[in-house]
$ cat model_27.tsv   # TSV, C-alpha atoms
chain	number	residue	atom	x	y	z
A	1	MET	CA	0.00	0.00	0.00
A	2	SER	CA	1.42	3.35	-1.07
A	3	LYS	CA	1.55	6.12	1.52
A	4	SER	CA	-0.03	9.43	0.64
A	5	PRO	CA	2.10	12.60	0.75
A	6	ARG	CA	0.00	13.81	3.70
A	7	HIS	CA	0.61	10.58	5.65
A	8	ARG	CA	4.34	10.82	4.94
A	9	ALA	CA	4.28	14.40	6.24
A	10	ARG	CA	2.67	13.23	9.47
A	11	GLU	CA	5.31	10.49	9.83
A	12	PHE	CA	8.07	13.08	9.58
A	13	VAL	CA	6.28	15.31	12.11
A	14	VAL	CA	6.05	12.45	14.63
A	15	GLN	CA	9.75	11.74	14.13
A	16	GLY	CA	10.53	15.43	14.60
A	17	LEU	CA	8.44	15.70	17.74
A	18	TYR	CA	10.26	12.65	19.09
A	19	GLN	CA	13.60	14.34	18.39
A	20	HIS	CA	12.34	17.38	20.30
A	21	LEU	CA	10.96	15.44	23.29
A	22	VAL	CA	13.81	12.98	23.66
A	23	GLY	CA	16.78	14.89	22.26
A	24	GLY	CA	15.76	18.49	22.88
A	25	GLN	CA	16.29	19.48	19.25
A	26	ASP	CA	14.73	22.71	18.03
A	27	GLU	CA	12.62	23.13	14.91
A	28	ALA	CA	15.54	24.21	12.70
A	29	ALA	CA	17.64	21.13	13.58
A	30	ILE	CA	14.62	18.85	13.14
A	31	ARG	CA	13.87	20.27	9.70
A	32	VAL	CA	17.48	19.99	8.52
A	33	GLN	CA	17.59	16.35	9.57
A	34	ALA	CA	14.18	15.50	8.02
A	35	GLU	CA	15.00	17.16	4.72
A	36	SER	CA	18.11	14.98	4.41
A	37	VAL	CA	16.18	11.70	4.74
A	38	ALA	CA	15.42	9.68	1.61
A	39	GLY	CA	11.73	9.92	0.82
A	40	PHE	CA	11.20	13.37	2.34
A	41	ASP	CA	10.56	14.70	-1.17
A	42	LYS	CA	7.52	12.38	-1.35
A	43	ALA	CA	5.94	14.05	1.69
A	44	ASP	CA	3.59	17.04	1.59
A	45	THR	CA	6.33	19.41	2.71
A	46	ALA	CA	3.99	22.36	3.27
A	47	LEU	CA	1.79	20.27	5.57
A	48	TYR	CA	4.89	18.93	7.33
A	49	ALA	CA	6.25	22.43	8.02
A	50	THR	CA	2.88	23.71	9.21
A	51	LEU	CA	2.10	20.77	11.50
A	52	LEU	CA	5.60	20.68	12.97
A	53	ARG	CA	5.62	24.42	13.72
A	54	GLN	CA	2.08	24.48	15.14
A	55	THR	CA	2.65	21.46	17.34
A	56	LEU	CA	5.99	22.69	18.68
A	57	ASP	CA	4.66	26.22	19.27
A	58	ASP	CA	1.52	24.96	21.03
A	59	MET	CA	3.03	21.95	22.82
A	60	ALA	CA	2.28	23.00	26.42
A	61	ALA	CA	-1.34	23.92	25.65
A	62	LEU	CA	-1.82	20.72	23.64
A	63	ARG	CA	-0.45	18.63	26.50
A	64	ASP	CA	-2.85	20.41	28.88
A	65	VAL	CA	-5.84	19.58	26.68
A	66	VAL	CA	-4.79	15.95	26.09
A	67	ALA	CA	-3.63	15.03	29.61
A	68	PRO	CA	-7.10	14.95	31.25
A	69	HIS	CA	-8.10	12.21	28.80
A	70	VAL	CA	-5.07	10.04	29.62
A	71	ASP	CA	-5.49	7.36	32.29
A	72	ARG	CA	-1.96	7.76	33.69
A	73	ALA	CA	0.62	10.43	34.40
A	74	TRP	CA	1.69	12.21	31.19
A	75	ASP	CA	5.30	11.14	31.80
A	76	GLY	CA	4.07	7.53	31.98
A	77	VAL	CA	2.96	7.70	28.34
A	78	SER	CA	5.62	6.47	25.91
A	79	PRO	CA	7.39	9.25	24.01
A	80	ILE	CA	6.07	7.98	20.65
A	81	GLU	CA	2.48	7.92	21.88
A	82	ARG	CA	2.93	11.40	23.36
A	83	CYS	CA	4.14	12.63	19.96
A	84	VAL	CA	1.22	11.02	18.12
A	85	LEU	CA	-1.28	12.43	20.64
A	86	LEU	CA	0.21	15.92	20.42
A	87	LEU	CA	0.11	15.83	16.62
A	88	GLY	CA	-3.48	14.54	16.64
A	89	ALA	CA	-4.54	17.24	19.10
A	90	SER	CA	-2.79	19.89	17.03
A	91	GLU	CA	-4.55	18.78	13.86
A	92	LEU	CA	-7.92	18.62	15.60
A	93	LYS	CA	-7.37	22.13	16.97
A	94	HIS	CA	-5.77	23.90	14.02
A	95	HIS	CA	-7.03	22.06	10.91
A	96	PRO	CA	-10.83	21.95	10.81
A	97	GLU	CA	-10.59	21.32	7.04
A	98	THR	CA	-9.39	17.79	7.85
A	99	PRO	CA	-12.31	15.68	9.10
A	100	TYR	CA	-11.84	14.53	12.68
A	101	ARG	CA	-12.19	10.88	11.64
A	102	VAL	CA	-9.26	11.30	9.26
A	103	VAL	CA	-7.15	12.88	12.01
A	104	ILE	CA	-7.92	10.01	14.38
A	105	ASN	CA	-7.36	7.32	11.73
A	106	GLU	CA	-4.02	8.85	10.76
A	107	ALA	CA	-2.97	8.93	14.42
A	108	ILE	CA	-3.96	5.28	14.83
A	109	GLU	CA	-1.88	4.31	11.79
A	110	LEU	CA	1.11	6.27	13.11
A	111	ALA	CA	0.79	4.56	16.50
A	112	LYS	CA	0.59	1.15	14.81
A	113	THR	CA	3.76	1.91	12.83
A	114	TYR	CA	5.87	3.57	15.52
A	115	GLY	CA	4.27	2.81	18.89
A	116	GLY	CA	4.01	-0.15	21.18
A	117	THR	CA	1.85	-3.23	20.66
A	118	ASP	CA	-1.45	-1.73	21.81
A	119	GLY	CA	-0.45	1.91	21.52
A	120	HIS	CA	-2.92	2.47	18.69
A	121	LYS	CA	-5.82	1.48	20.96
A	122	PHE	CA	-4.65	3.94	23.59
A	123	VAL	CA	-4.25	6.74	21.00
A	124	ASN	CA	-7.68	5.97	19.56
A	125	GLY	CA	-9.33	6.12	23.00
A	126	VAL	CA	-7.70	9.41	23.97
A	127	LEU	CA	-8.36	11.19	20.66
A	128	ASP	CA	-11.92	9.85	20.57
A	129	LYS	CA	-12.55	11.57	23.93
A	130	LEU	CA	-10.72	14.73	22.85
A	131	ALA	CA	-12.41	15.20	19.47
A	132	PRO	CA	-15.82	16.33	20.82
A	133	GLU	CA	-14.05	18.92	22.96
A	134	LEU	CA	-12.05	20.37	20.06
A	135	ARG	CA	-14.63	19.79	17.30
A	136	PRO	CA	-18.06	20.14	18.96
A	137	ASP	CA	-19.77	21.47	15.81
A	138	GLU	CA	-18.45	18.72	13.58
A	139	ILE	CA	-19.24	15.89	15.96
A	140	GLY	CA	-22.48	17.26	17.33
A	141	ARG	CA	-22.08	15.87	20.83
$ encode --input "model_27.tsv" --output "structure tokens"
Amino acid sequence: MSKSPRHRAREFVVQGLYQHLVGGQDEAAIRVQAESVAGFDKADTALYATLLRQTLDDMAALRDVVAPHVDRAWDGVSPIERCVLLLGASELKHHPETPYRVVINEAIELAKTYGGTDGHKFVNGVLDKLAPELRPDEIGR
């Protein structure tokens, strides 16, 4: 199955967020590294740049909106799952043009690819609780 340019962009964002959380790298260093990786040219680079910047800039607020829906301490969530949740929350908050179901499905796929065995179920549960809060008009709950 071929990955869409938008999915590839999200993959690079998750990798960049991981570099930030674990290695403390800033946006400029993350972008330089990503742009040197084979396959980056197949990603939607505009979406990548936008999602990375928005998520990094809004990280504390995103964590604050996600954390109440997590059943453990935020630091107890694996770094990959934290990155996927932050990206999903950022997209739900800043990109109403992307249907919430697409945002959640993309996050699930990212968690399946990069996260732990059942990480995708955890990500799904958290974003499913968060979506009505960030997209009340779209979901109608």
$ closest_atom_pairs --input "model_27.tsv" --of "segment 38-66 of chain A" --to "segment 80-103 of chain A" --cutoff "12 Å" --atoms "only C-alpha atoms" --output "Markdown table"
| residue | atom | partner | partner_atom | distance |
| --- | --- | --- | --- | --- |
| A:Leu47 | CA | A:His95 | CA | 10.5 |
| A:Tyr48 | CA | A:Leu87 | CA | 10.9 |
| A:Thr50 | CA | A:His94 | CA | 9.9 |
| A:Leu51 | CA | A:Glu91 | CA | 7.3 |
| A:Leu52 | CA | A:Leu87 | CA | 8.2 |
| A:Arg53 | CA | A:Ser90 | CA | 10.1 |
| A:Gln54 | CA | A:Ser90 | CA | 7.0 |
| A:Thr55 | CA | A:Ser90 | CA | 5.7 |
| A:Leu56 | CA | A:Leu86 | CA | 9.1 |
| A:Asp57 | CA | A:Ser90 | CA | 10.0 |
| A:Asp58 | CA | A:Ser90 | CA | 7.8 |
| A:Met59 | CA | A:Leu86 | CA | 7.1 |
| A:Ala60 | CA | A:Leu86 | CA | 9.5 |
| A:Ala61 | CA | A:Ser90 | CA | 9.6 |
| A:Leu62 | CA | A:Leu86 | CA | 6.1 |
| A:Arg63 | CA | A:Leu86 | CA | 6.7 |
| A:Asp64 | CA | A:Leu86 | CA | 10.1 |
| A:Val65 | CA | A:Ala89 | CA | 8.0 |
| A:Val66 | CA | A:Ala89 | CA | 7.1 |
$ closest_residue --input "model_27.tsv" --among "A:Ile104, A:Tyr114, A:Ser78, A:Pro136" --to "Val22 of chain A" --atoms "only C-alpha atoms"
A:Ser78
$ residues_around --input "model_27.tsv" --residues "Gly39 of chain A" --least-positions-apart "5" --cutoff "12 Å" --atoms "only C-alpha atoms" --output "compact mmCIF listing (two decimals) with C-alpha atoms, in the frame of the given file"
# COMPACT_ATOMS: atom_id res chain seq x y z
CA LYS A 3 1.55 6.12 1.52
CA SER A 4 -0.03 9.43 0.64
CA PRO A 5 2.10 12.60 0.75
CA ARG A 8 4.34 10.82 4.94
CA ALA A 9 4.28 14.40 6.24
CA GLU A 11 5.31 10.49 9.83
CA PHE A 12 8.07 13.08 9.58
CA ALA A 34 14.18 15.50 8.02
CA ASP A 44 3.59 17.04 1.59
CA THR A 45 6.33 19.41 2.71
$ atom_distance --input "model_27.tsv" --atom1 "atom CA of Ile30 of chain A" --atom2 "atom CA of Gly16 of chain A"
5.5 Å
$ residues_around --input "model_27.tsv" --residues "Phe122 of chain A" --least-positions-apart "4" --cutoff "9 Å" --atoms "only C-alpha atoms" --output "ChimeraX atom specification"
/A:70,81,108,111,118,126-127
$ write_last_selection --input "model_27.tsv" --atoms "C-alpha atoms" --output "PDB file, in the coordinates of the input"
ATOM      1  CA  VAL A  70      -5.070  10.040  29.620  1.00  0.00           C
ATOM      2  CA  GLU A  81       2.480   7.920  21.880  1.00  0.00           C
ATOM      3  CA  ILE A 108      -3.960   5.280  14.830  1.00  0.00           C
ATOM      4  CA  ALA A 111       0.790   4.560  16.500  1.00  0.00           C
ATOM      5  CA  ASP A 118      -1.450  -1.730  21.810  1.00  0.00           C
ATOM      6  CA  VAL A 126      -7.700   9.410  23.970  1.00  0.00           C
ATOM      7  CA  LEU A 127      -8.360  11.190  20.660  1.00  0.00           C
TER       8      LEU A 127
END
$ atom_distance --input "model_27.tsv" --atom1 "atom CA of Pro132 of chain A" --atom2 "atom CA of Ala43 of chain A"
29.1 Å
$ closest_residue --input "model_27.tsv" --among "A:His69, A:Glu138, A:Thr113, A:Ala49" --to "Gly125 of chain A" --atoms "only C-alpha atoms"
A:His69
